[in-house]
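Student: Below you'll find target-v4.txt; it's compact mmCIF, C-alpha atoms and all ligand atoms.
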# COMPACT_ATOMS: atom_id res chain seq x y z
CA MET A 1 -10.12 -11.71 11.95
CA ALA A 2 -7.18 -13.92 11.16
CA ASP A 3 -7.76 -13.87 7.42
CA THR A 4 -7.70 -10.08 7.31
CA LEU A 5 -4.41 -8.27 7.68
CA VAL A 6 -5.82 -4.77 7.40
CA GLU A 7 -9.40 -4.14 8.43
CA TRP A 8 -10.77 -1.19 6.46
CA ASN A 9 -11.72 1.60 8.81
CA ASN A 10 -13.49 4.82 7.83
CA SER A 11 -10.84 6.76 9.72
CA PHE A 12 -8.67 5.95 6.66
CA LEU A 13 -10.85 8.22 4.52
CA ILE A 14 -9.09 11.38 3.45
CA GLY A 15 -12.01 13.03 1.70
CA ILE A 16 -10.71 12.87 -1.87
CA LYS A 17 -13.02 10.39 -3.55
CA GLU A 18 -10.68 9.01 -6.20
CA LEU A 19 -7.87 8.43 -3.72
CA ASP A 20 -10.15 6.94 -1.08
CA HIS A 21 -11.39 4.49 -3.67
CA GLU A 22 -7.84 3.46 -4.53
CA HIS A 23 -6.90 3.07 -0.88
CA LYS A 24 -9.82 0.69 -0.44
CA SER A 25 -8.67 -1.37 -3.42
CA LEU A 26 -5.17 -1.45 -2.02
CA VAL A 27 -6.47 -2.82 1.28
CA VAL A 28 -8.40 -5.51 -0.62
CA ASP A 29 -5.22 -6.52 -2.48
CA ILE A 30 -3.19 -6.58 0.73
CA ASN A 31 -5.70 -8.91 2.38
CA ARG A 32 -5.67 -11.15 -0.67
CA LEU A 33 -1.89 -11.49 -0.39
CA HIS A 34 -2.23 -12.19 3.31
CA GLN A 35 -4.70 -15.01 2.61
CA GLU A 36 -2.44 -16.51 -0.04
CA LEU A 37 0.50 -16.46 2.36
CA ALA A 38 -1.64 -17.91 5.16
CA ARG A 39 -2.78 -20.84 3.10
CA GLN A 40 0.73 -21.39 1.76
CA GLY A 41 -0.65 -21.07 -1.75
CA GLU A 42 1.16 -21.70 -4.99
CA ILE A 43 4.20 -19.49 -5.41
CA SER A 44 2.75 -18.32 -8.74
CA GLU A 45 -0.36 -17.03 -6.94
CA ILE A 46 1.73 -15.27 -4.33
CA GLU A 47 3.84 -13.78 -7.09
CA LYS A 48 0.72 -12.51 -8.81
CA CYS A 49 -0.59 -10.90 -5.61
CA LEU A 50 2.78 -9.27 -4.95
CA GLY A 51 2.88 -7.94 -8.51
CA ASP A 52 -0.68 -6.61 -8.33
CA ILE A 53 0.09 -4.70 -5.15
CA TYR A 54 3.28 -3.29 -6.63
CA ALA A 55 1.49 -2.13 -9.78
CA ARG A 56 -1.35 -0.64 -7.79
CA MET A 57 0.96 1.20 -5.41
CA GLN A 58 3.03 2.56 -8.26
CA ALA A 59 0.01 3.84 -10.18
CA HIS A 60 -1.57 5.20 -7.02
CA PHE A 61 1.54 7.08 -5.95
CA ALA A 62 1.87 8.54 -9.44
CA LEU A 63 -1.72 9.78 -9.28
CA GLU A 64 -1.20 11.38 -5.87
CA GLU A 65 2.02 13.01 -7.03
CA HIS A 66 0.28 14.37 -10.10
CA PHE A 67 -2.54 15.70 -7.94
CA MET A 68 -0.09 17.37 -5.53
CA LYS A 69 1.84 19.01 -8.36
CA GLU A 70 -1.35 20.32 -9.89
CA HIS A 71 -2.28 21.96 -6.61
CA ASP A 72 1.21 23.23 -5.77
CA TYR A 73 1.02 21.16 -2.64
CA PRO A 74 3.55 22.46 -0.09
CA PHE A 75 4.52 19.04 1.32
CA PHE A 76 5.20 17.41 -2.03
CA ASP A 77 8.88 16.58 -1.45
CA GLU A 78 8.45 14.79 1.86
CA HIS A 79 5.38 12.98 0.60
CA LYS A 80 7.19 11.75 -2.51
CA ARG A 81 10.12 10.63 -0.38
CA GLU A 82 7.76 8.42 1.62
CA HIS A 83 6.33 6.92 -1.57
CA ASP A 84 9.81 6.13 -2.88
CA GLN A 85 10.80 4.60 0.44
CA LEU A 86 7.66 2.46 0.53
CA LEU A 87 8.27 1.14 -2.96
CA ASP A 88 11.93 0.46 -2.17
CA ASN A 89 11.08 -1.49 0.98
CA TYR A 90 8.33 -3.33 -0.79
CA THR A 91 10.57 -4.34 -3.70
CA GLU A 92 13.25 -5.55 -1.32
CA TYR A 93 10.83 -7.76 0.61
CA MET A 94 9.11 -8.93 -2.54
CA VAL A 95 12.42 -10.32 -3.80
CA GLN A 96 13.02 -11.96 -0.43
CA ILE A 97 9.62 -13.64 -0.47
CA LEU A 98 10.06 -14.89 -4.00
CA ASN A 99 13.48 -16.28 -3.16
CA ASP A 100 12.11 -18.09 -0.14
CA ALA A 101 9.43 -20.59 -1.04
CA GLY A 102 8.55 -20.91 2.64
CA ALA A 103 7.19 -17.37 2.84
CA SER A 104 4.66 -17.21 5.62
CA PRO A 105 2.28 -14.72 7.17
CA GLY A 106 3.86 -12.36 9.66
CA ASN A 107 6.89 -11.77 7.47
CA PRO A 108 8.37 -8.28 7.05
CA ILE A 109 6.39 -7.50 3.92
CA GLU A 110 3.19 -7.84 5.91
CA HIS A 111 4.55 -5.57 8.58
CA THR A 112 5.46 -3.02 5.93
CA LEU A 113 2.08 -3.26 4.27
CA LYS A 114 0.13 -3.09 7.46
CA HIS A 115 1.96 -0.44 9.42
CA TRP A 116 3.67 1.62 6.79
CA VAL A 117 0.85 1.77 4.31
CA VAL A 118 -1.81 2.45 6.91
CA ASN A 119 0.34 5.03 8.69
CA HIS A 120 1.06 6.70 5.39
CA ILE A 121 -2.65 6.91 4.57
CA ILE A 122 -3.74 8.25 7.95
CA THR A 123 -0.95 10.80 8.25
CA SER A 124 0.62 11.93 4.97
CA ASP A 125 -2.32 11.18 2.68
CA LYS A 126 -4.77 12.67 5.12
CA LYS A 127 -2.81 15.92 5.02
CA MET A 128 -3.72 16.13 1.33
CA SER A 129 -7.34 16.73 2.27
CA LEU A 130 -6.21 20.36 2.53
CA MET A 131 -6.39 20.36 -1.25
CA ALA A 132 -9.94 19.09 -1.35
CA GLN A 133 -11.28 22.20 0.33
FE FE B 201 -2.30 7.08 -0.87
FE FE B 202 0.67 9.07 -0.46
Take the structure I supplied and represent it as structure tokens, if you would.
Ligand SMILES: [Fe+2]
Ligand SMILES: [Fe+2]

Tutor:
Amino acid sequence: MADTLVEWNNSFLIGIKELDHEHKSLVVDINRLHQELARQGEISEIEKCLGDIYARMQAHFALEEHFMKEHDYPFFDEHKREHDQLLDNYTEYMVQILNDAGASPGNPIEHTLKHWVVNHIITSDKKMSLMAQ
């Protein structure tokens, strides 16, 4: 559907309830941003959506990192590197969007959110299900 950037799919589930719940919320926020961009909404609304996603990602990554540390997770370093990279890319694009009032759907931030975030969930996050057993 055109007004949905990321369609939630149960293959995204990693089997850790708290984290699955947060991933779902993240997908909701991403679609909200997509809709705002699609309807060329007020820049203040777009800014709010961008900020919500940033805050959610930051808090979510911190929770995962805490969880991994607690379990002496062997892939902590590479996982954290991906989180840092995601936040860096996101921040960079966020600034670009806010500097360009003509931000539209299909811009790099949407690519990052769609492909990077989903790939991260279905590969790196899914690996964490090892800890749930
Ligand atoms: Fe995650
Ligand atoms: Fe993660």

Student: If you count all atoms listed in the file, which residues fall within 10 Å of Ile121 of chain A, apart from same-chain ones fewer than 4 positions away, as number ranges by chain?

Tutor: A: 11-14, 19-20, 23, 115-117, 125-128

Student: Residues near segment 72-82 of chain A, anyone? I mean within 8 Å using all atoms listed in the file, not counting same-chain ones fewer than 6 positions away, as a PDB file with C-alpha atoms, keeping the file's coordinate frame.

Tutor:
ATOM      1  CA  GLU A  65       2.020  13.010  -7.030  1.00  0.00           C
ATOM      2  CA  HIS A 120       1.060   6.700   5.390  1.00  0.00           C
ATOM      3  CA  SER A 124       0.620  11.930   4.970  1.00  0.00           C
ATOM      4  CA  MET A 128      -3.720  16.130   1.330  1.00  0.00           C
ATOM      5  CA  MET A 131      -6.390  20.360  -1.250  1.00  0.00           C
TER       6      MET A 131
END

Student: Using all atoms listed in the file, find the one residue out of A:Leu130, A:Thr4, A:His60, A:Glu36 that sits nearest to His21 of chain A.

Tutor: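 Ranked by minimum distance to His21 of chain A, first place goes to A:His60.
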
Student: When you look at Leu87 of chain A with a cut-off of 8 Å (counting only C-alpha atoms), what residues show up, excluding the ones that are within fewer than 2 positions of it in the same chain? I need them as a PyMOL selection string.

Tutor: chain A and resi 54+57-58+83-85+89-91

Student: Draw an axis-aligned box tight on the listed atoms of segment 76-85 of chain A, then pad every side by 3 Å and write out centre and edge lengths in Å to one decimal as JSON.

Tutor:
{"center_x": 8.0, "center_y": 11.0, "center_z": -0.5, "size_x": 11.6, "size_y": 18.8, "size_z": 10.7}

Student: For atom CA of Gln35 of chain A and atom CA of Arg56 of chain A, determine how far apart the two atoms are, in Å to one decimal place.

Tutor: 18.1 Å

Student: Given all atoms listed in the file as the basis, pick out the residue of A:Glu70, A:Glu22, A:Asp3, A:Asp52 nearest to ligand FE 202 (chain B).

Tutor: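 Residue with the minimum atom-to-atom distance to ligand FE 202 (chain B): A:Glu22.
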
Student: Which residue, A:Trp8, A:Phe61, A:Glu45, A:Phe67, has the smallest gap to ligand FE 201 (chain B) when you use all atoms listed in the file?

Tutor: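 Selected residue with least distance to ligand FE 201 (chain B): A:Phe61.
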
Student: Quick one, how far is atom CA of Lys114 of chain A from atom CA of Ser129 of chain A?

Tutor: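 Going from atom CA of Lys114 of chain A over to atom CA of Ser129 of chain A covers 21.8 Å.
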
Student: Just how far from atom CA of Leu86 of chain A is atom CA of Leu5 of chain A, in Å to one decimal?

Tutor: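 Taking atom CA of Leu5 of chain A and atom CA of Leu86 of chain A, their separation equals 17.7 Å.
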
Student: Which residue out of A:Val95, A:Ile109, A:Ala62, A:Val6 has the minimum interatomic distance to ligand FE 201 (chain B) when all atoms listed in the file are used?

Tutor: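 Ranked by minimum distance to ligand FE 201 (chain B), first place goes to A:Ala62.
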
Student: With only C-alpha atoms as the basis for distance, which of A:Ile122, A:Asp88, A:Leu113, A:Glu64 is at the shortest distance from Asp29 of chain A?

Tutor: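 Smallest distance to Asp29 of chain A is found for A:Leu113.
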
Student: Smallest atom-to-atom distance to Lys48 of chain A: which of A:Lys24, A:Met94, A:Lys69, A:Asn9, using only C-alpha atoms?

Tutor: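 Between A:Lys24, A:Met94, A:Lys69, A:Asn9, the residue approaching Lys48 of chain A most closely is A:Met94.
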